[in-house]
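**Student:** File follows, my_file03.cif with mmCIF, C-alpha atoms:
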data_my_file
loop_
_atom_site.label_atom_id
_atom_site.label_comp_id
_atom_site.auth_asym_id
_atom_site.auth_seq_id
_atom_site.Cartn_x
_atom_site.Cartn_y
_atom_site.Cartn_z
CA MET A 251 -23.52 28.40 -122.22
CA ASN A 252 -22.92 30.60 -119.20
CA SER A 253 -19.48 31.07 -117.63
CA GLU A 254 -20.27 28.68 -114.73
CA SER A 255 -21.16 25.90 -117.19
CA ARG A 256 -18.04 26.55 -119.20
CA ARG A 257 -15.84 26.25 -116.09
CA SER A 258 -17.41 22.93 -115.07
CA SER A 259 -17.00 21.41 -118.53
CA ARG A 260 -13.27 22.07 -118.86
CA ARG A 261 -10.94 19.06 -118.63
CA PRO A 262 -8.91 18.94 -115.42
CA LYS A 263 -5.23 19.65 -115.69
CA ALA A 264 -2.75 16.74 -115.64
CA GLU A 265 -1.29 17.51 -112.18
CA PRO A 266 -4.61 17.33 -110.28
CA MET A 267 -5.41 14.09 -112.11
CA ARG A 268 -2.08 12.53 -111.08
CA ALA A 269 -2.55 13.71 -107.50
CA LYS A 270 -5.99 12.12 -107.41
CA ALA A 271 -4.61 8.87 -108.82
CA ASN A 272 -1.81 8.83 -106.24
CA LEU A 273 -4.34 9.43 -103.48
CA MET A 274 -6.50 6.56 -104.66
CA THR A 275 -3.46 4.26 -104.83
CA ALA A 276 -2.47 5.21 -101.29
CA ILE A 277 -6.00 4.50 -100.05
CA ALA A 278 -5.97 1.12 -101.76
CA ASN A 279 -2.60 0.24 -100.19
CA LEU A 280 -3.88 1.31 -96.80
CA MET A 281 -6.95 -0.88 -97.16
CA ARG A 282 -4.79 -3.87 -98.14
CA ALA A 283 -2.53 -3.26 -95.14
CA LYS A 284 -5.56 -3.06 -92.86
CA ALA A 285 -6.88 -6.32 -94.30
CA ASN A 286 -3.53 -8.02 -93.71
CA LEU A 287 -3.38 -6.63 -90.18
CA MET A 288 -6.79 -8.06 -89.38
CA THR A 289 -5.56 -11.55 -90.27
CA LEU A 290 -3.01 -11.49 -87.42
CA PRO A 291 -4.02 -13.04 -84.10
CA LEU A 292 -5.62 -10.47 -81.81
CA TRP A 293 -3.26 -11.28 -78.97
CA LEU A 294 -0.29 -10.51 -81.24
CA LEU A 295 -1.68 -7.09 -82.13
CA LEU A 296 -2.41 -6.20 -78.51
CA ALA A 297 0.97 -7.42 -77.32
CA ALA A 298 2.81 -4.97 -79.53
CA ALA A 299 1.50 -2.09 -77.46
CA THR A 300 3.11 -3.10 -74.17
CA ALA A 301 6.13 -5.36 -74.78
CA ILE A 302 9.36 -3.67 -73.70
CA PRO A 303 12.98 -4.81 -73.57
CA GLY A 304 14.34 -6.19 -70.32
CA VAL A 305 15.67 -3.73 -67.77
CA ALA A 306 19.41 -4.06 -67.17
CA GLN A 307 20.25 -5.23 -63.66
CA ASN A 308 22.36 -2.62 -61.90
CA ARG A 309 22.06 -3.57 -58.21
CA PRO A 310 24.61 -5.86 -56.54
CA ARG A 311 23.85 -9.47 -55.70
CA GLY A 312 24.44 -10.92 -52.26
CA ARG A 313 27.99 -12.11 -52.86
CA ASP A 314 28.87 -8.84 -54.59
CA LEU A 315 28.13 -7.19 -51.23
CA GLY A 316 30.35 -9.69 -49.44
CA ILE A 317 27.50 -11.59 -47.76
CA PRO A 318 29.14 -14.87 -46.69
CA PHE A 319 26.59 -17.39 -47.92
CA PRO A 320 27.77 -20.97 -47.40
CA GLY A 321 28.68 -23.28 -50.24
CA GLN A 322 30.55 -23.17 -53.54
CA THR A 323 28.61 -21.65 -56.43
CA GLY A 324 28.87 -22.36 -60.12
CA PRO A 325 30.54 -19.83 -62.45
CA LEU A 326 27.33 -17.78 -62.85
CA ASN A 327 25.75 -18.57 -59.48
CA SER A 328 22.61 -19.31 -61.47
CA ILE A 329 20.26 -22.07 -62.51
CA THR A 330 21.94 -21.87 -65.90
CA ASP A 331 25.08 -23.36 -64.34
CA VAL A 332 23.28 -26.65 -64.99
CA ALA A 333 24.32 -27.37 -68.57
CA GLY A 334 21.57 -26.99 -71.14
CA VAL A 335 19.19 -24.93 -68.98
CA ALA A 336 18.10 -21.59 -70.46
CA VAL A 337 16.03 -18.67 -69.11
CA GLY A 338 14.19 -15.81 -70.84
CA HIS A 339 12.01 -12.93 -69.68
CA VAL A 340 9.43 -10.53 -71.05
CA THR A 341 8.69 -7.55 -68.80
CA LEU A 342 5.58 -5.37 -69.17
CA ILE A 343 5.54 -1.96 -67.46
CA GLU A 344 3.12 0.77 -68.49
CA GLY A 345 1.10 3.54 -66.83
CA GLU A 346 0.76 4.82 -63.29
CA GLY A 347 -1.87 6.02 -60.85
CA LYS A 348 -5.19 4.59 -59.74
CA LEU A 349 -6.13 1.20 -61.10
CA ILE A 350 -8.48 1.26 -64.08
CA PRO A 351 -9.49 -2.36 -64.80
CA GLY A 352 -8.45 -3.42 -68.26
CA LYS A 353 -6.17 -0.41 -68.78
CA GLY A 354 -3.58 -0.45 -66.02
CA PRO A 355 -1.19 0.38 -64.54
CA ILE A 356 0.59 -2.69 -65.94
CA ARG A 357 3.35 -4.40 -63.95
CA THR A 358 3.59 -7.99 -65.13
CA GLY A 359 5.42 -10.36 -67.46
CA VAL A 360 6.53 -13.91 -68.26
CA THR A 361 9.63 -15.93 -67.41
CA ALA A 362 10.48 -19.06 -69.40
CA ILE A 363 12.82 -21.92 -68.45
CA LEU A 364 14.00 -24.52 -70.95
CA PRO A 365 15.26 -27.68 -69.18
CA ARG A 366 17.18 -28.83 -72.25
CA PRO A 367 18.79 -26.91 -75.14
CA ARG A 368 16.35 -25.41 -77.63
CA GLY A 369 15.02 -28.05 -80.00
CA ASN A 370 15.86 -30.95 -77.68
CA TRP A 371 12.47 -32.33 -76.64
CA ASP A 372 13.82 -35.24 -74.61
CA PRO A 373 11.78 -35.27 -71.36
CA VAL A 374 13.59 -34.97 -68.02
CA PHE A 375 12.90 -36.76 -64.77
CA ALA A 376 11.01 -34.43 -62.42
CA ALA A 377 8.93 -34.17 -59.26
CA THR A 378 6.92 -31.49 -57.46
CA PHE A 379 6.06 -30.62 -53.87
CA ASN A 380 3.53 -28.19 -52.45
CA GLN A 381 4.47 -26.75 -49.08
CA ASN A 382 1.21 -24.77 -49.09
CA GLY A 383 -1.23 -25.19 -51.93
CA ASN A 384 -2.84 -21.76 -52.28
CA GLY A 385 -1.53 -21.40 -55.82
CA ASP A 386 -1.42 -23.03 -59.23
CA MET A 387 1.11 -24.97 -61.29
CA THR A 388 -0.48 -26.57 -64.33
CA GLY A 389 0.53 -29.94 -65.73
CA ILE A 390 1.82 -31.47 -62.50
CA ASN A 391 -0.61 -34.40 -62.40
CA TRP A 392 1.24 -36.01 -65.28
CA ILE A 393 4.62 -35.28 -63.68
CA LYS A 394 3.45 -37.10 -60.55
CA GLU A 395 2.04 -39.97 -62.59
CA SER A 396 4.82 -40.40 -65.16
CA GLY A 397 7.88 -38.97 -63.42
CA PHE A 398 8.71 -36.85 -66.48
CA LEU A 399 8.66 -33.15 -67.31
CA GLU A 400 7.94 -32.61 -71.00
CA GLY A 401 8.73 -29.19 -72.44
CA PRO A 402 9.36 -25.75 -70.95
CA ILE A 403 8.38 -24.19 -67.61
CA LEU A 404 6.76 -20.75 -67.55
CA LEU A 405 6.17 -18.34 -64.65
CA THR A 406 3.71 -15.44 -64.68
CA GLY A 407 0.96 -13.66 -62.74
CA THR A 408 -2.00 -15.54 -61.28
CA HIS A 409 -4.63 -14.52 -63.82
CA SER A 410 -2.37 -15.01 -66.84
CA VAL A 411 -1.85 -18.75 -66.39
CA GLY A 412 -4.43 -19.78 -68.99
CA THR A 413 -3.13 -17.46 -71.69
CA VAL A 414 0.47 -18.53 -71.15
CA ARG A 415 -0.43 -22.21 -71.04
CA ASP A 416 -2.25 -22.04 -74.37
CA ALA A 417 0.61 -20.13 -75.96
CA ALA A 418 3.13 -22.73 -74.72
CA ILE A 419 1.31 -25.40 -76.71
CA GLN A 420 1.47 -23.35 -79.91
CA TRP A 421 5.12 -22.39 -79.35
CA GLN A 422 6.13 -26.03 -79.02
CA LEU A 423 4.26 -26.95 -82.19
CA LYS A 424 5.88 -24.06 -84.03
CA ASN A 425 9.32 -25.17 -82.87
CA GLY A 426 9.00 -28.75 -84.00
CA ARG A 427 7.82 -30.75 -81.01
CA GLU A 428 5.49 -33.57 -82.01
CA PHE A 429 2.78 -34.75 -79.63
CA ILE A 430 -0.82 -35.95 -79.57
CA PHE A 431 -1.51 -33.89 -76.45
CA THR A 432 0.62 -32.13 -73.86
CA TYR A 433 0.35 -30.51 -70.43
CA PRO A 434 2.41 -27.31 -70.24
CA ILE A 435 3.91 -26.34 -66.89
CA VAL A 436 2.85 -22.80 -65.95
CA ALA A 437 3.16 -21.54 -62.38
CA GLU A 438 1.99 -18.27 -60.85
CA THR A 439 2.16 -15.78 -58.03
CA PHE A 440 -0.21 -12.84 -57.58
CA ASP A 441 1.23 -9.63 -59.08
CA PHE A 442 -0.49 -7.16 -56.75
CA LEU A 443 1.33 -4.16 -58.25
CA ASN A 444 -0.41 -4.95 -61.55
CA ASP A 445 -3.90 -4.58 -62.99
CA ALA A 446 -4.13 -8.30 -62.40
CA ASN A 447 -7.62 -8.71 -63.86
CA GLY A 448 -6.75 -6.78 -67.01
CA GLU A 449 -5.34 -9.76 -68.96
CA HIS A 450 -2.39 -7.74 -70.21
CA VAL A 451 -0.19 -10.79 -70.78
CA LYS A 452 -0.86 -12.07 -74.29
CA GLY A 453 0.22 -15.19 -76.10
CA ALA A 454 2.87 -13.22 -77.94
CA HIS A 455 4.55 -12.38 -74.63
CA ALA A 456 4.86 -16.06 -73.76
CA PHE A 457 6.27 -16.72 -77.26
CA GLU A 458 8.78 -13.91 -76.79
CA ALA A 459 9.92 -15.11 -73.36
CA LEU A 460 10.46 -18.60 -74.76
CA ASP A 461 12.28 -17.24 -77.81
CA ARG A 462 14.52 -15.14 -75.55
CA ALA A 463 15.53 -18.08 -73.36
CA ARG A 464 19.30 -18.38 -73.34
CA PRO A 465 22.00 -20.02 -71.24
CA GLY A 466 24.27 -17.63 -69.37
CA ARG A 467 23.56 -14.81 -66.94
CA VAL A 468 19.97 -14.53 -65.72
CA GLU A 469 18.47 -11.10 -65.12
CA GLU A 470 17.04 -10.81 -61.63
CA GLY A 471 14.67 -8.60 -59.66
CA GLY A 472 11.45 -7.03 -60.94
CA VAL A 473 11.55 -8.67 -64.37
CA GLY A 474 9.57 -11.27 -66.28
CA GLY A 475 7.02 -13.13 -64.19
CA GLY A 476 8.39 -11.37 -61.10
CA THR A 477 7.66 -7.84 -62.30
CA GLY A 478 4.65 -7.08 -60.10
CA MET A 479 5.72 -9.02 -57.00
CA GLY A 480 6.70 -8.15 -53.44
CA CYS A 481 8.64 -10.36 -51.03
CA ASN A 482 8.91 -10.20 -47.24
CA GLY A 483 7.62 -6.63 -47.27
CA PHE A 484 10.14 -5.45 -49.88
CA LYS A 485 10.17 -5.58 -53.68
CA GLY A 486 10.44 -9.16 -54.90
CA GLY A 487 10.73 -10.93 -58.22
CA ILE A 488 13.13 -13.34 -59.92
CA GLY A 489 16.28 -14.59 -58.23
CA THR A 490 18.71 -17.43 -58.82
CA SER A 491 21.70 -19.20 -57.29
CA SER A 492 23.66 -22.44 -57.67
CA ARG A 493 25.93 -24.84 -55.81
CA VAL A 494 28.62 -27.19 -57.09
CA LEU A 495 29.51 -30.27 -55.09
CA THR A 496 33.11 -31.31 -54.53
CA ALA A 497 34.70 -33.91 -56.76
CA ALA A 498 34.49 -36.42 -53.94
CA GLN A 499 30.75 -35.77 -53.74
CA GLY A 500 30.34 -36.26 -57.49
CA GLY A 501 30.92 -32.71 -58.76
CA TYR A 502 27.20 -32.27 -59.49
CA THR A 503 25.50 -28.89 -59.84
CA ILE A 504 22.27 -27.69 -58.24
CA GLY A 505 20.65 -24.55 -59.69
CA VAL A 506 17.65 -22.75 -58.20
CA LEU A 507 15.38 -20.07 -59.66
CA VAL A 508 12.64 -18.40 -57.60
CA GLN A 509 9.70 -16.15 -58.33
CA CYS A 510 9.48 -14.53 -54.93
CA ASN A 511 6.19 -13.00 -53.75
CA TYR A 512 5.73 -14.47 -50.26
CA GLY A 513 5.67 -12.87 -46.82
CA GLY A 514 7.57 -13.67 -43.66
CA ASP A 515 9.79 -12.34 -40.91
CA LEU A 516 12.81 -11.76 -43.13
CA ARG A 517 16.08 -13.11 -41.79
CA ILE A 518 19.38 -13.34 -43.64
CA LEU A 519 22.03 -15.62 -42.12
CA GLY A 520 19.91 -15.55 -38.99
CA VAL A 521 19.84 -11.74 -38.71
CA PRO A 522 16.33 -10.23 -38.28
CA ILE A 523 16.45 -7.86 -41.25
CA ARG A 524 12.78 -6.90 -41.06
CA SER A 525 13.14 -5.63 -37.50
CA GLU A 526 16.39 -3.84 -38.40
CA ILE A 527 14.87 -2.03 -41.42
CA THR A 528 11.47 -0.88 -40.20
CA ASP A 529 11.09 2.37 -42.11
CA LEU A 530 10.75 0.93 -45.63
CA ARG A 531 7.22 -0.42 -45.56
CA THR A 532 4.68 -0.92 -48.31
CA CYS A 533 2.71 2.29 -48.83
CA THR A 534 0.64 4.19 -51.40
CA VAL A 535 1.27 7.54 -53.04
CA LEU A 536 -2.48 8.02 -53.62
CA PRO A 537 -5.09 9.14 -51.07
CA PRO A 538 -7.67 6.58 -49.89
CA PRO A 539 -9.91 4.99 -50.80
CA LEU A 540 -8.06 2.84 -53.29
CA SER A 541 -9.84 0.72 -55.90
CA ARG A 542 -9.38 -2.74 -54.33
CA PRO A 543 -10.85 -3.66 -50.93
CA TRP A 544 -7.81 -5.67 -49.84
CA THR A 545 -5.66 -2.53 -49.99
CA VAL A 546 -7.28 -1.22 -46.79
CA GLY A 547 -4.46 -1.04 -44.27
CA ILE A 548 -1.79 0.15 -46.71
CA PRO A 549 -0.66 3.53 -45.34
CA PRO A 550 0.14 6.68 -47.31
CA CYS A 551 3.75 6.99 -48.34
CA PRO A 552 5.88 9.37 -46.29
CA THR A 553 6.98 12.75 -47.52
CA SER A 554 10.41 11.44 -48.41
CA PRO A 555 9.94 8.55 -50.87
CA ALA A 556 13.67 7.92 -50.91
CA THR A 557 13.69 6.76 -47.29
CA GLY A 558 10.14 5.58 -46.64
CA ARG A 559 10.40 6.93 -43.10
CA GLY A 560 7.14 7.54 -41.37
CA ALA A 561 5.00 4.71 -42.78
CA ARG A 562 2.47 3.36 -40.30
CA SER A 563 0.79 -0.02 -40.15
CA ASN A 564 -2.88 0.90 -40.54
CA ILE A 565 -5.39 3.44 -41.81
CA ASN A 566 -8.25 4.52 -39.56
CA GLY A 567 -7.85 1.31 -37.61
CA GLU A 568 -8.98 -0.82 -40.59
CA GLY A 569 -6.71 -3.64 -41.66
CA ARG A 570 -3.03 -4.13 -40.89
CA LEU A 571 -0.04 -3.64 -43.10
CA ASP A 572 1.52 -6.71 -41.50
CA ASP A 573 -1.42 -8.78 -42.78
CA HIS A 574 -0.87 -7.50 -46.33
CA GLU A 575 2.88 -8.09 -46.27
CA GLY A 576 2.29 -11.60 -44.94
CA ARG A 577 0.30 -12.64 -48.00
CA GLY A 578 1.80 -13.96 -51.19
CA SER A 579 3.45 -16.99 -52.75
CA ILE A 580 6.69 -18.34 -54.13
CA ILE A 581 7.55 -20.62 -57.03
CA VAL A 582 10.88 -22.44 -56.81
CA ILE A 583 12.42 -24.39 -59.69
CA VAL A 584 15.40 -26.65 -58.91
CA ALA A 585 17.57 -28.05 -61.69
CA THR A 586 20.41 -30.53 -61.35
CA ASP A 587 22.68 -32.67 -63.49
CA ALA A 588 22.88 -35.32 -60.77
CA PRO A 589 21.37 -38.65 -61.86
CA LEU A 590 18.29 -38.59 -59.65
CA LEU A 591 15.06 -40.50 -60.19
CA PRO A 592 11.63 -38.92 -59.60
CA HIS A 593 11.27 -40.13 -56.01
CA GLN A 594 14.67 -38.62 -55.21
CA LEU A 595 13.76 -35.37 -56.93
CA GLU A 596 10.68 -35.14 -54.74
CA ARG A 597 12.98 -35.34 -51.74
CA ILE A 598 15.05 -32.50 -53.25
CA ALA A 599 11.91 -30.40 -53.77
CA LYS A 600 10.91 -30.90 -50.15
CA ARG A 601 14.23 -29.43 -48.98
CA VAL A 602 13.39 -26.09 -50.61
CA MET A 603 11.23 -25.17 -47.63
CA LEU A 604 14.18 -25.56 -45.28
CA GLY A 605 15.95 -22.82 -47.20
CA MET A 606 12.89 -20.63 -46.96
CA GLY A 607 12.61 -21.38 -43.26
CA ARG A 608 16.10 -19.95 -42.83
CA LEU A 609 14.70 -16.73 -44.32
CA GLY A 610 11.78 -16.55 -41.89
CA SER A 611 8.99 -18.00 -44.03
CA PHE A 612 6.12 -19.65 -42.20
CA ALA A 613 4.18 -20.77 -45.32
CA GLY A 614 1.06 -18.80 -44.45
CA ASN A 615 -2.49 -19.81 -45.24
CA SER A 616 -2.76 -17.51 -48.28
CA SER A 617 0.64 -18.49 -49.67
CA GLY A 618 1.14 -20.77 -52.65
CA ASP A 619 4.56 -22.32 -52.02
CA LEU A 620 5.01 -24.61 -55.03
CA PHE A 621 8.28 -26.34 -55.91
CA LEU A 622 9.48 -28.36 -58.92
CA ALA A 623 12.78 -30.21 -59.27
CA PHE A 624 14.18 -31.85 -62.41
CA SER A 625 17.32 -33.67 -63.50
CA THR A 626 18.98 -33.36 -66.88
CA ALA A 627 20.75 -36.71 -66.46
CA ASN A 628 19.53 -39.99 -67.94
CA ALA A 629 19.00 -38.74 -71.48
CA ASN A 630 16.55 -40.74 -73.59
CA ALA A 631 14.97 -42.35 -70.53
CA ALA A 632 11.52 -41.62 -71.99
CA LYS A 633 12.13 -43.35 -75.33
CA PRO A 634 9.25 -45.73 -76.10
CA GLU A 635 11.50 -48.32 -77.72
CA GLY A 636 13.50 -50.91 -75.85
CA THR A 637 14.39 -50.89 -72.17
CA PRO A 638 16.40 -47.82 -71.19
CA SER A 639 19.38 -48.17 -68.90
CA LEU A 640 19.24 -45.69 -66.03
CA VAL A 641 21.84 -44.32 -63.66
CA MET A 642 20.85 -43.42 -60.10
CA LEU A 643 22.80 -41.71 -57.36
CA PRO A 644 22.66 -43.90 -54.26
CA ASN A 645 20.50 -42.49 -51.49
CA ASP A 646 23.45 -42.66 -49.12
CA ARG A 647 25.19 -40.02 -51.27
CA ILE A 648 22.27 -37.59 -51.63
CA ASP A 649 22.82 -35.48 -48.50
CA PRO A 650 25.17 -32.95 -50.16
CA LEU A 651 22.46 -32.27 -52.76
CA PHE A 652 19.94 -31.67 -49.98
CA GLN A 653 22.29 -29.16 -48.40
CA ALA A 654 23.04 -27.52 -51.75
CA THR A 655 19.32 -27.09 -52.44
CA ILE A 656 18.72 -25.43 -49.07
CA GLU A 657 21.67 -23.04 -49.50
CA ALA A 658 20.89 -22.12 -53.10
CA THR A 659 17.22 -21.46 -52.27
CA GLU A 660 18.16 -19.10 -49.47
CA GLU A 661 20.60 -17.18 -51.64
CA ALA A 662 18.28 -17.06 -54.67
CA VAL A 663 15.56 -15.33 -52.62
CA VAL A 664 18.02 -12.79 -51.26
CA ASN A 665 19.37 -12.15 -54.77
CA ALA A 666 15.82 -11.53 -56.02
CA MET A 667 15.19 -8.95 -53.31
CA LEU A 668 18.55 -7.21 -53.62
CA ALA A 669 18.22 -6.94 -57.42
CA ALA A 670 14.68 -5.57 -57.34
CA GLN A 671 14.37 -1.80 -57.44
CA THR A 672 11.67 0.21 -55.69
CA MET A 673 8.49 0.07 -57.76
CA THR A 674 5.20 1.99 -57.67
CA GLY A 675 2.32 0.16 -59.29
CA ALA A 676 -1.47 0.03 -59.47
CA ASP A 677 -3.26 2.29 -56.97
CA GLY A 678 0.03 4.01 -56.31
CA ILE A 679 1.21 1.12 -54.15
CA ARG A 680 4.94 1.45 -53.59
CA VAL A 681 7.20 -1.40 -52.51
CA PHE A 682 10.80 -0.54 -51.65
CA GLY A 683 13.82 -2.39 -52.91
CA LEU A 684 15.87 -4.08 -50.19
CA PRO A 685 18.86 -1.74 -49.62
CA GLY A 686 22.07 -3.73 -49.81
CA ASP A 687 24.08 -1.31 -47.70
CA ARG A 688 21.64 -1.57 -44.83
CA VAL A 689 21.59 -5.36 -45.06
CA VAL A 690 25.37 -5.34 -44.79
CA ALA A 691 25.19 -2.97 -41.80
CA ALA A 692 22.74 -5.31 -40.05
CA LEU A 693 24.90 -8.35 -40.73
CA ARG A 694 27.91 -6.56 -39.31
CA LYS A 695 25.94 -5.51 -36.25
CA TYR A 696 25.24 -9.18 -35.51
CA ASN A 697 28.82 -10.23 -36.36
CA ARG A 698 27.84 -12.16 -39.49
CA MET A 699 30.21 -10.05 -41.59
CA LYS A 700 33.49 -8.34 -40.89
#
Let me see whether you can do it: turn the structure in this file into structure tokens.
**Tutor:**
Amino acid sequence: MNSESRRSSRRPKAEPMRAKANLMTAIANLMRAKANLMTLPLWLLLAAATAIPGVAQNRPRGRDLGIPFPGQTGPLNSITDVAGVAVGHVTLIEGEGKLIPGKGPIRTGVTAILPRPRGNWDPVFAATFNQNGNGDMTGINWIKESGFLEGPILLTGTHSVGTVRDAAIQWQLKNGREFIFTYPIVAETFDFLNDANGEHVKGAHAFEALDRARPGRVEEGGVGGGTGMGCNGFKGGIGTSSRVLTAAQGGYTIGVLVQCNYGGDLRILGVPIRSEITDLRTCTVLPPPLSRPWTVGIPPCPTSPATGRGARSNINGEGRLDDHEGRGSIIVIVATDAPLLPHQLERIAKRVMLGMGRLGSFAGNSSGDLFLAFSTANANAAKPEGTPSLVMLPNDRIDPLFQATIEATEEAVVNAMLAAQTMTGADGIRVFGLPGDRVVAALRKYNRMK
């Protein structure tokens, strides 16, 4: 036997054998882990890559700046001042630069509203109103037919409605709601700062927003469903406010939450803010052409991104920035503990537009201005057994609630814009946050503030 044959016939030493065994065990464990991973829903795996914690709000609200909005607010000046109402967000922000469909940049999310405490599936009286119908709110046919809202409300971007709706069904089943069929309420506005066709919102994000829903302070600005939104030519998003009636008026609470993405000639307490702040206009940090045809007309950002000075309203005479900033939509959710029936809640929902009119909205052709109002009073009104006894506020006493709705809507939109920070999204499009100090200066100029 030659030396080569002798070497190949020797028994391996113990250490190499143990190392080989350990390696094989590790490979087997890895294969089992991979097999377990493949059993998870695809949307849950994909969601893990982009879900991030909420961004802490660090910009002052309207009243923090001393803006003298009319009316008495609740303790939190929020929709959650209506007892039992809870709100949760999931915010998705990833990437920058030119839009690559299916990859990003991502600027989107989900906001969830629970009309009753978690686990309480008692339907609430509700009604809806469309000021301009270029938008979508699923499930409203049954609200109009039955007068009841059953389950949570979710807000997201336009092309994520289907995903969020399907996830809402599964979340309710998981959390103990029993039904034969259901019609989840999901409303949308177009998140133009996002890769909107990329389907980055997954079912897991809707689950997480619903799981995060809590009473208490509501985070505002570019968060949740409002992440990729602009409003009145500035950065938009989620905003909220509330009003509490006097004891003589019944002591009832009205709470409003908005997802603000509409365009208009912004006015605050009658002051023409848009014409007072003309140098912070939507722009892009990238050279043309951009990837989406509708972006024609968005000018290059000025040299100083901190001020925005120098932005112009068109590029090579094609398109107008004013046209772009005039597009968009708004979703408004109104909650109250006043004992209102569905026909009265529809009247409440119709008053939302009066608050928006104060802000300079004209409900443009491309705007989806969709409103929903619900009442947490009259518990167990939907029980199938017996004949429920209902309480109704007389129509002659409803005017203070109309006024409260108008005031809270106006303030909620302003809070959304003041809370939202400057954001640069897909195609380098930059939308500036509304600067509180300059709003205050404008209000003082017109003698609306001291």
**Student:** Would you please work out which residue, of A:Ile350, A:Val664, A:Ala497, A:Ile403, is nearest to Ala437 of chain A when using only C-alpha atoms?
**Tutor:**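 Closest to Ala437 of chain A, using only C-alpha atoms: A:Ile403.
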**Student:** Just how far from atom CA of Leu364 of chain A is atom CA of Glu470 of chain A, in Å to one decimal?
**Tutor:** 16.9 Å
**Student:** Please evaluate the PyMOL selection byres ((chain A and resi 673-687) around 8) against the displayed coordinates and give the resulting residues as a PyMOL selection string.
**Tutor:** chain A and resi 310+312+315+346-349+354-357+442-445+478+480+483-486+530-536+540-541+551+558+667-672+688-691
**Student:** At what distance in Å, to one decimal, does atom CA of Phe429 of chain A lie from atom CA of Ser396 of chain A?
**Tutor:** 15.7 Å
**Student:** Could you work out how far atom CA of Gly466 of chain A lies from atom CA of Thr330 of chain A, giving the answer in Å with one decimal?
**Tutor:** 6.0 Å
**Student:** Step by step, work through what the PyMOL selection byres ((chain A and resi 365) around 8) selects in the shown file, and finish by giving those residues as a list in words.
**Tutor:**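 Applying the PyMOL selection byres ((chain A and resi 365) around 8) to the structure shown produces Gly334, Val335, Ala336, Ile363, Leu364, Arg366, Pro367, Val374, Gly401, Pro402, Ile403, Ala585 and Thr626 of chain A.
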**Student:** Which is closer to Leu516 of chain A than all the others in A:Ser579, A:Thr358, A:Thr528, A:Asn380, using all atoms listed in the file?
**Tutor:**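 For Leu516 of chain A, the nearest of the given residues is A:Thr528.
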**Student:** Box along x, y and z, 4 Å on every side, all listed atoms of segment 533-546 of chain A inside: centre and edge lengths in Å to one decimal, as lines of an AutoDock Vina configuration file.
**Tutor:**
center_x = -4.1
center_y = 1.7
center_z = -51.3
size_x = 21.6
size_y = 22.8
size_z = 17.1
**Student:** Tell me, as a PyMOL selection string, which residues lie within 9 Å of Gly505 of chain A, counting only C-alpha atoms; anything in the same chain fewer than 3 positions away does not count.
**Tutor:** chain A and resi 324+327-332+490-494+583-586+654-655+658-659
**Student:** Hey, what comes out of the PyMOL selection byres ((chain A and resi 590) around 10) on this file? Could you write it as JSON, numbers by chain?
**Tutor:** {"A": [375, 376, 586, 587, 588, 589, 591, 592, 593, 594, 595, 596, 598, 624, 625, 626, 627, 628, 640, 641, 642, 643, 644, 645, 648]}
**Student:** Pick out the residues sitting within 10 Å of Pro522 of chain A, and hand them over as a ChimeraX atom specification; count only C-alpha atoms, and ignore anything fewer than 3 positions along from it in its own chain.
**Tutor:** /A:515-519,525-527,609-610,689,692-693,696
**Student:** Determine, counting all atoms listed in the file, which protein, DNA and RNA residues have an atom within 10 Å of an atom of Phe440 of chain A; residues of the same chain fewer than 2 positions away are not included. Present the result as a list in words.
**Tutor:** Thr358, Gly385, Thr406, Gly407, Thr408, His409, Ser410, Glu438, Phe442, Leu443, Asn444, Ala446, Gly475, Gly476, Gly478, Met479, Gly480, Asn511, Tyr512, Arg577, Gly578, Ser579, Ile580, Ser617 and Gly618 of chain A
**Student:** So, counting only C-alpha atoms, which residue among A:Gly412, A:Ala613, A:Ile488, A:Thr553 is closest to Gly471 of chain A?
**Tutor:**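 Checking each candidate against Gly471 of chain A, we get A:Ile488 as the closest.
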**Student:** Any idea what's packed within 7 Å of Thr388 of chain A, counting only C-alpha atoms, ignoring anything in its chain fewer than 4 positions away? Could you give it as a list of chain:residue names?
**Tutor:**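 Counting only C-alpha atoms, the residues come to A:Pro434, A:Ile435, A:Val436, A:Ala437.
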**Student:** Which one is closest to Lys695 of chain A: A:Val473, A:Ile523, A:Ala629, A:Val506? Count only C-alpha atoms.
**Tutor:** A:Ile523
**Student:** Could segment 425-430 of chain A be completed with N, CA and C atoms and written as a compact mmCIF listing (two decimals), in the frame of the given file, please?
**Tutor:**
# COMPACT_ATOMS: atom_id res chain seq x y z
N ASN A 425 7.89 -24.87 -82.95
CA ASN A 425 9.32 -25.17 -82.87
C ASN A 425 9.65 -26.65 -83.02
N GLY A 426 8.68 -27.42 -83.53
CA GLY A 426 9.00 -28.75 -84.00
C GLY A 426 8.73 -29.89 -83.05
N ARG A 427 8.13 -29.63 -81.89
CA ARG A 427 7.82 -30.75 -81.01
C ARG A 427 6.57 -31.46 -81.52
N GLU A 428 6.62 -32.78 -81.55
CA GLU A 428 5.49 -33.57 -82.01
C GLU A 428 4.83 -34.24 -80.81
N PHE A 429 3.52 -34.11 -80.71
CA PHE A 429 2.78 -34.75 -79.63
C PHE A 429 1.32 -34.88 -80.03
N ILE A 430 0.63 -35.82 -79.40
CA ILE A 430 -0.82 -35.95 -79.57
C ILE A 430 -1.52 -34.96 -78.65
